[in-house]
Every structure is written in C-alpha cells, then in structure tokens.
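Next up, input.csv (CSV, C-alpha atoms):
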chain,number,residue,atom,x,y,z
A,1,MET,CA,0.0,0.0,0.0
A,2,PRO,CA,1.2,3.5,-0.7
A,3,GLY,CA,2.8,5.1,2.3
A,4,GLU,CA,3.0,1.8,4.2
A,5,GLN,CA,6.3,1.5,6.1
A,6,ARG,CA,7.9,-1.9,5.5
A,7,THR,CA,10.5,-3.5,7.8
A,8,ARG,CA,14.0,-2.8,6.6
A,9,VAL,CA,16.3,-5.9,6.7
A,10,VAL,CA,20.0,-6.4,6.9
A,11,VAL,CA,21.3,-9.8,5.7
A,12,VAL,CA,24.5,-11.1,7.2
A,13,THR,CA,26.3,-14.1,5.8
A,14,GLY,CA,28.8,-16.1,7.8
A,15,ALA,CA,26.9,-15.2,11.0
A,16,SER,CA,27.6,-18.4,13.0
A,17,SER,CA,31.0,-17.2,14.4
A,18,GLY,CA,33.6,-14.4,14.4
A,19,ILE,CA,33.0,-11.2,12.5
A,20,GLY,CA,29.7,-12.3,11.1
A,21,ARG,CA,28.2,-13.3,14.5
A,22,SER,CA,29.5,-10.0,16.0
A,23,THR,CA,28.0,-8.0,13.1
A,24,GLY,CA,24.6,-9.7,13.6
A,25,ARG,CA,24.7,-9.0,17.4
A,26,SER,CA,25.7,-5.3,16.9
A,27,LEU,CA,23.0,-4.7,14.3
A,28,ARG,CA,20.4,-6.3,16.5
A,29,ALA,CA,21.6,-4.2,19.5
A,30,GLU,CA,21.0,-1.1,17.3
A,31,GLY,CA,17.4,-2.3,16.7
A,32,ARG,CA,17.9,-3.5,13.2
A,33,THR,CA,16.0,-6.4,11.7
A,34,VAL,CA,18.7,-9.0,10.8
A,35,LEU,CA,18.5,-12.2,8.7
A,36,ALA,CA,21.6,-14.1,9.6
A,37,THR,CA,22.8,-17.1,7.7
A,38,ALA,CA,25.6,-19.7,7.9
A,39,ARG,CA,26.0,-23.4,7.5
A,40,ARG,CA,25.9,-24.2,11.3
A,41,ALA,CA,22.2,-24.3,12.3
A,42,ASP,CA,23.0,-24.8,16.0
A,43,ARG,CA,25.1,-21.7,16.1
A,44,LEU,CA,22.5,-19.7,14.3
A,45,ALA,CA,19.8,-20.9,16.7
A,46,GLU,CA,22.0,-19.6,19.6
A,47,LEU,CA,22.3,-16.3,17.9
A,48,ALA,CA,18.6,-16.1,17.3
A,49,GLY,CA,18.0,-17.0,21.0
A,50,GLU,CA,20.4,-14.3,22.2
A,51,THR,CA,19.4,-11.5,19.9
A,52,GLY,CA,16.1,-12.2,18.3
A,53,ALA,CA,17.7,-12.3,14.8
A,54,GLU,CA,15.9,-14.1,12.0
A,55,VAL,CA,18.1,-17.0,10.9
A,56,LEU,CA,18.3,-19.4,8.0
A,57,ALA,CA,20.9,-22.1,7.8
A,58,GLY,CA,22.5,-23.0,4.5
A,59,ASP,CA,25.5,-22.7,2.2
A,60,VAL,CA,26.1,-19.7,0.0
A,61,THR,CA,27.8,-22.0,-2.5
A,62,ASN,CA,24.4,-23.5,-3.3
A,63,ASP,CA,22.3,-21.6,-5.8
A,64,ALA,CA,19.0,-23.0,-4.5
A,65,PHE,CA,19.9,-21.9,-1.0
A,66,VAL,CA,20.8,-18.4,-2.1
A,67,ALA,CA,17.5,-18.1,-3.8
A,68,GLU,CA,15.7,-19.3,-0.7
A,69,LEU,CA,17.7,-16.8,1.4
A,70,ARG,CA,16.7,-14.0,-1.0
A,71,ASP,CA,13.1,-15.0,-0.9
A,72,ARG,CA,13.1,-15.2,2.9
A,73,ALA,CA,14.6,-11.7,3.2
A,74,ALA,CA,12.0,-10.3,0.8
A,75,SER,CA,9.2,-11.9,2.9
A,76,ILE,CA,10.5,-10.1,6.0
A,77,GLY,CA,10.8,-6.7,4.4
A,78,GLU,CA,12.9,-4.4,2.3
A,79,VAL,CA,16.6,-5.4,2.1
A,80,GLU,CA,18.5,-2.3,3.0
A,81,ALA,CA,21.9,-3.9,3.4
A,82,LEU,CA,23.9,-7.0,2.6
A,83,VAL,CA,26.9,-7.9,4.7
A,84,ASN,CA,29.0,-10.6,3.1
A,85,VAL,CA,31.2,-12.3,5.8
A,86,ALA,CA,31.0,-16.0,4.8
A,87,GLY,CA,34.4,-17.4,3.9
A,88,GLY,CA,37.3,-19.6,4.9
A,89,ALA,CA,40.9,-20.6,4.5
A,90,PHE,CA,41.7,-24.2,3.7
A,91,GLY,CA,45.3,-25.4,3.7
A,92,THR,CA,48.6,-23.7,4.5
A,93,GLU,CA,50.9,-25.5,2.0
A,94,SER,CA,52.9,-23.7,-0.6
A,95,VAL,CA,51.4,-23.3,-4.1
A,96,ALA,CA,53.5,-26.2,-5.3
A,97,GLU,CA,52.4,-28.5,-2.5
A,98,SER,CA,48.8,-27.3,-1.9
A,99,SER,CA,45.7,-29.3,-2.9
A,100,ILE,CA,43.6,-28.2,-5.9
A,101,GLU,CA,40.6,-29.3,-3.8
A,102,ASP,CA,41.4,-26.7,-1.1
A,103,TRP,CA,41.8,-24.0,-3.7
A,104,GLN,CA,38.5,-25.0,-5.4
A,105,ARG,CA,36.8,-24.9,-2.0
A,106,MET,CA,38.1,-21.5,-1.2
A,107,PHE,CA,37.3,-20.0,-4.6
A,108,GLU,CA,33.8,-21.5,-4.4
A,109,LEU,CA,33.1,-20.1,-1.0
A,110,ASN,CA,35.0,-16.9,-0.8
A,111,VAL,CA,34.6,-15.6,-4.4
A,112,LEU,CA,31.8,-17.4,-6.1
A,113,GLY,CA,29.6,-17.6,-2.9
A,114,THR,CA,30.0,-13.8,-2.5
A,115,LYS,CA,29.2,-13.3,-6.2
A,116,ARG,CA,26.1,-15.5,-5.9
A,117,VAL,CA,24.7,-13.6,-2.9
A,118,ILE,CA,25.4,-10.1,-4.4
A,119,THR,CA,23.8,-11.1,-7.7
A,120,ALA,CA,20.7,-12.5,-6.0
A,121,PHE,CA,20.3,-9.5,-3.7
A,122,LEU,CA,21.1,-6.6,-6.0
A,123,PRO,CA,17.6,-6.3,-7.4
A,124,LEU,CA,16.2,-6.2,-3.8
A,125,LEU,CA,18.7,-3.6,-2.7
A,126,ARG,CA,18.0,-1.4,-5.7
A,127,ALA,CA,14.3,-1.6,-5.1
A,128,SER,CA,14.8,-0.8,-1.5
A,129,ALA,CA,16.8,2.3,-2.3
A,130,ALA,CA,14.3,3.4,-5.0
A,131,SER,CA,11.3,3.2,-2.6
A,132,SER,CA,13.1,4.8,0.3
A,133,GLN,CA,11.6,7.9,1.8
A,134,ASP,CA,15.0,8.9,3.2
A,135,GLU,CA,16.5,12.2,2.3
A,136,PHE,CA,19.4,10.4,0.8
A,137,PRO,CA,18.1,7.0,-0.3
A,138,HIS,CA,20.6,4.2,-0.4
A,139,ALA,CA,21.1,0.5,0.1
A,140,ASP,CA,24.5,-1.0,1.0
A,141,ILE,CA,26.7,-4.0,0.2
A,142,VAL,CA,29.6,-4.6,2.6
A,143,THR,CA,32.0,-7.4,1.8
A,144,VAL,CA,34.4,-8.3,4.6
A,145,THR,CA,37.5,-9.6,3.1
A,146,SER,CA,40.9,-9.8,4.8
A,147,THR,CA,44.3,-8.0,4.9
A,148,ALA,CA,45.4,-11.2,3.2
A,149,GLY,CA,43.9,-9.7,0.0
A,150,ARG,CA,46.7,-7.1,0.1
A,151,VAL,CA,49.5,-8.7,2.1
A,152,ILE,CA,51.0,-12.0,0.8
A,153,TYR,CA,52.2,-14.5,3.3
A,154,GLN,CA,53.9,-17.9,3.0
A,155,GLY,CA,51.4,-20.8,2.8
A,156,GLY,CA,48.5,-18.5,2.0
A,157,GLY,CA,48.6,-18.4,-1.8
A,158,GLY,CA,45.1,-19.7,-2.3
A,159,TYR,CA,43.5,-17.7,0.5
A,160,VAL,CA,45.3,-14.5,-0.6
A,161,ALA,CA,44.1,-15.0,-4.1
A,162,THR,CA,40.5,-15.4,-3.1
A,163,LYS,CA,40.5,-12.4,-0.8
A,164,ALA,CA,42.1,-10.2,-3.5
A,165,ALA,CA,39.5,-11.4,-5.9
A,166,GLU,CA,36.7,-10.8,-3.4
A,167,ALA,CA,38.0,-7.3,-2.7
A,168,ALA,CA,37.9,-6.5,-6.4
A,169,MET,CA,34.2,-7.2,-6.7
A,170,ILE,CA,32.8,-3.7,-7.0
Since I need it in another form, could you write the structure as structure tokens?
Amino acid sequence: MPGEQRTRVVVVTGASSGIGRSTGRSLRAEGRTVLATARRADRLAELAGETGAEVLAGDVTNDAFVAELRDRAASIGEVEALVNVAGGAFGTESVAESSIEDWQRMFELNVLGTKRVITAFLPLLRASAASSQDEFPHADIVTVTSTAGRVIYQGGGGYVATKAAEAAMI
C-alpha cells in the first residue's frame, strides 16, 4: 500500500561465528532487523535466542539456498543492506604442495559464494533504495575480506588470491 512502512532488513552471511556473528549482534543491538545465515544451524539458533535475529541455515555455494535466502529476506521486508562475511581458509601449504581441492573450495566459498549472494540480492537492494523515503536513499553492500587480500604470506597463496578477488568485486 502507498505510504506503508515496510520493515528494513540487513542480511548477514557467515553469522555463526567471528565477525559475522558480532555483526549480527551489533546490528540487533541497534534495533535493526537481521536475517543471519551460515551453515551451522546450531550456532544460528544460539544467535537467534540471544538476539532475536531471524536465521536461515544454509550454504552460499548453493544456488537454490541463495534463492531461498533472498526470498526469505524479501518476505520479511525491504533489504537495506547485505553484509558478506562468509568465507574460509583451507590449507597452509605452498602453491606447489597445496591441494587443488582446497583451492577450489576457497574459490567456491570466498569468491563465487559472495558473487552469488550479491547477484541474488542486488535487485532487492536497488528496489529498497528506489522506494526509500530517506532524504538520501541508499542500500548497502559490505563485503568483509581480509588483509590477506593485500598482504601476501607464506602458505597463503590460495586464500590470498581469493581475498584479493573478493575485494575486487565492485
């Protein structure tokens, strides 16, 4: 309905631990509506119990799950921000000795997972900004990468490469 105020939602990936979990907590403490996601359902349930965040367990490397996440967010309200935190480092061997499977896993999660989520949510973010009554309408995408995307370290070739690629997604 015209003039109806819809709930504004922030989606946080990788919310079961670390920066993602802290981000979800902080946003809820500010009174924001948060849809938190990660693979570990038990950790998400704890976050929901502690903060009242909406949660949906799943894997950002799965297209069907990302579509489900997008649809769930849209059912809650207008998506005003997407915070990409999901990621991981697998293996610490040199490039010569590292496993191709570890590299594939890192690229799938850190780079392609982030790309999937951004692609899925961009139409919702644009619509949210377009319908905003704010003086300066906007919607935000924040991608948390790592200093590893800029600082090379021994045994981190695959992770460094994924974080540099993720940082380049603008």
**Request:** Mind checking which residues fall within 12 Å of stretch 88-91 of chain A, counting all atoms listed in the file, ignoring those fewer than 3 positions away in the same chain, and posting them as a PyMOL selection string?
**Result:** chain A and resi 14+17-18+85+94-95+97-111+113-114+144-146+148+154-163
**Prompt:** Skipping near chain neighbours, those fewer than 2 positions away, what residues fall within 7 Å of A:Val55 using only C-alpha atoms, listed as a PyMOL selection string?
**Reply:** chain A and resi 35-37+44+48+53+57
Mind dumping the selected residues with C-alpha atoms as a PDB file, in the frame of the given file?
ATOM      1  CA  LEU A  35      18.500 -12.200   8.700  1.00  0.00           C
ATOM      2  CA  ALA A  36      21.600 -14.100   9.600  1.00  0.00           C
ATOM      3  CA  THR A  37      22.800 -17.100   7.700  1.00  0.00           C
ATOM      4  CA  LEU A  44      22.500 -19.700  14.300  1.00  0.00           C
ATOM      5  CA  ALA A  48      18.600 -16.100  17.300  1.00  0.00           C
ATOM      6  CA  ALA A  53      17.700 -12.300  14.800  1.00  0.00           C
ATOM      7  CA  ALA A  57      20.900 -22.100   7.800  1.00  0.00           C
TER       8      ALA A  57
END
**Message:** Would you compute the distance between atom CA of A:Ala164 and atom CA of A:Ile141? Give it in Å to one decimal.
**Reply:**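 Interatomic distance, atom CA of A:Ala164 to atom CA of A:Ile141: 17.0 Å.
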**Prompt:** A:Arg28, A:Arg21, A:His138, A:Arg116: which is nearest A:Ala64, counting only C-alpha atoms?
**Reply:** A:Arg116
**Asked** What gap, in Å, lies between atom CA of A:Gly87 and atom CA of A:Ala168?
**Response**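 Straight-line distance from atom CA of A:Gly87 to atom CA of A:Ala168 works out to 15.4 Å.
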**Asked** In Å, how far is it from atom CA of A:Thr147 to atom CA of A:Leu125?
**Response**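 Going from atom CA of A:Thr147 over to atom CA of A:Leu125 covers 27.1 Å.
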Per-residue nearest contacts stretch 43-77 of chain A to stretch 7-11 of chain A, cut-off 12 Å, using all atoms listed in the file, as JSON lines:
{"residue": "A:Ala53", "atom": "CA", "partner": "A:Val11", "partner_atom": "CA", "distance": 10.1}
{"residue": "A:Glu54", "atom": "CA", "partner": "A:Val11", "partner_atom": "CA", "distance": 9.3}
{"residue": "A:Val55", "atom": "CA", "partner": "A:Val11", "partner_atom": "CA", "distance": 9.4}
{"residue": "A:Leu56", "atom": "CA", "partner": "A:Val11", "partner_atom": "CA", "distance": 10.3}
{"residue": "A:Val66", "atom": "CA", "partner": "A:Val11", "partner_atom": "CA", "distance": 11.6}
{"residue": "A:Leu69", "atom": "CA", "partner": "A:Val11", "partner_atom": "CA", "distance": 9.0}
{"residue": "A:Arg70", "atom": "CA", "partner": "A:Val11", "partner_atom": "CA", "distance": 9.1}
{"residue": "A:Asp71", "atom": "CA", "partner": "A:Val11", "partner_atom": "CA", "distance": 11.7}
{"residue": "A:Arg72", "atom": "CA", "partner": "A:Val11", "partner_atom": "CA", "distance": 10.2}
{"residue": "A:Ala73", "atom": "CA", "partner": "A:Val9", "partner_atom": "CA", "distance": 7.0}
{"residue": "A:Ala74", "atom": "CA", "partner": "A:Val9", "partner_atom": "CA", "distance": 8.5}
{"residue": "A:Ser75", "atom": "CA", "partner": "A:Thr7", "partner_atom": "CA", "distance": 9.8}
{"residue": "A:Ile76", "atom": "CA", "partner": "A:Thr7", "partner_atom": "CA", "distance": 6.8}
{"residue": "A:Gly77", "atom": "CA", "partner": "A:Thr7", "partner_atom": "CA", "distance": 4.7}
**Request:** Give the answer as one residue: which of A:Ala167, A:Ala67, A:Ala127, A:Ala15 has the shortest atom-to-atom distance to A:Glu46, using all atoms listed in the file?
**Result:**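 Using all atoms listed in the file, A:Glu46 sits closest to A:Ala15.
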**Item:** Minimum-distance residue to A:Arg126, chosen among A:Ala81, A:Arg40, A:Gly20, A:Leu112 (using all atoms listed in the file)
**Value:**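 Counting all atoms listed in the file, the residue closest to A:Arg126 is A:Ala81.
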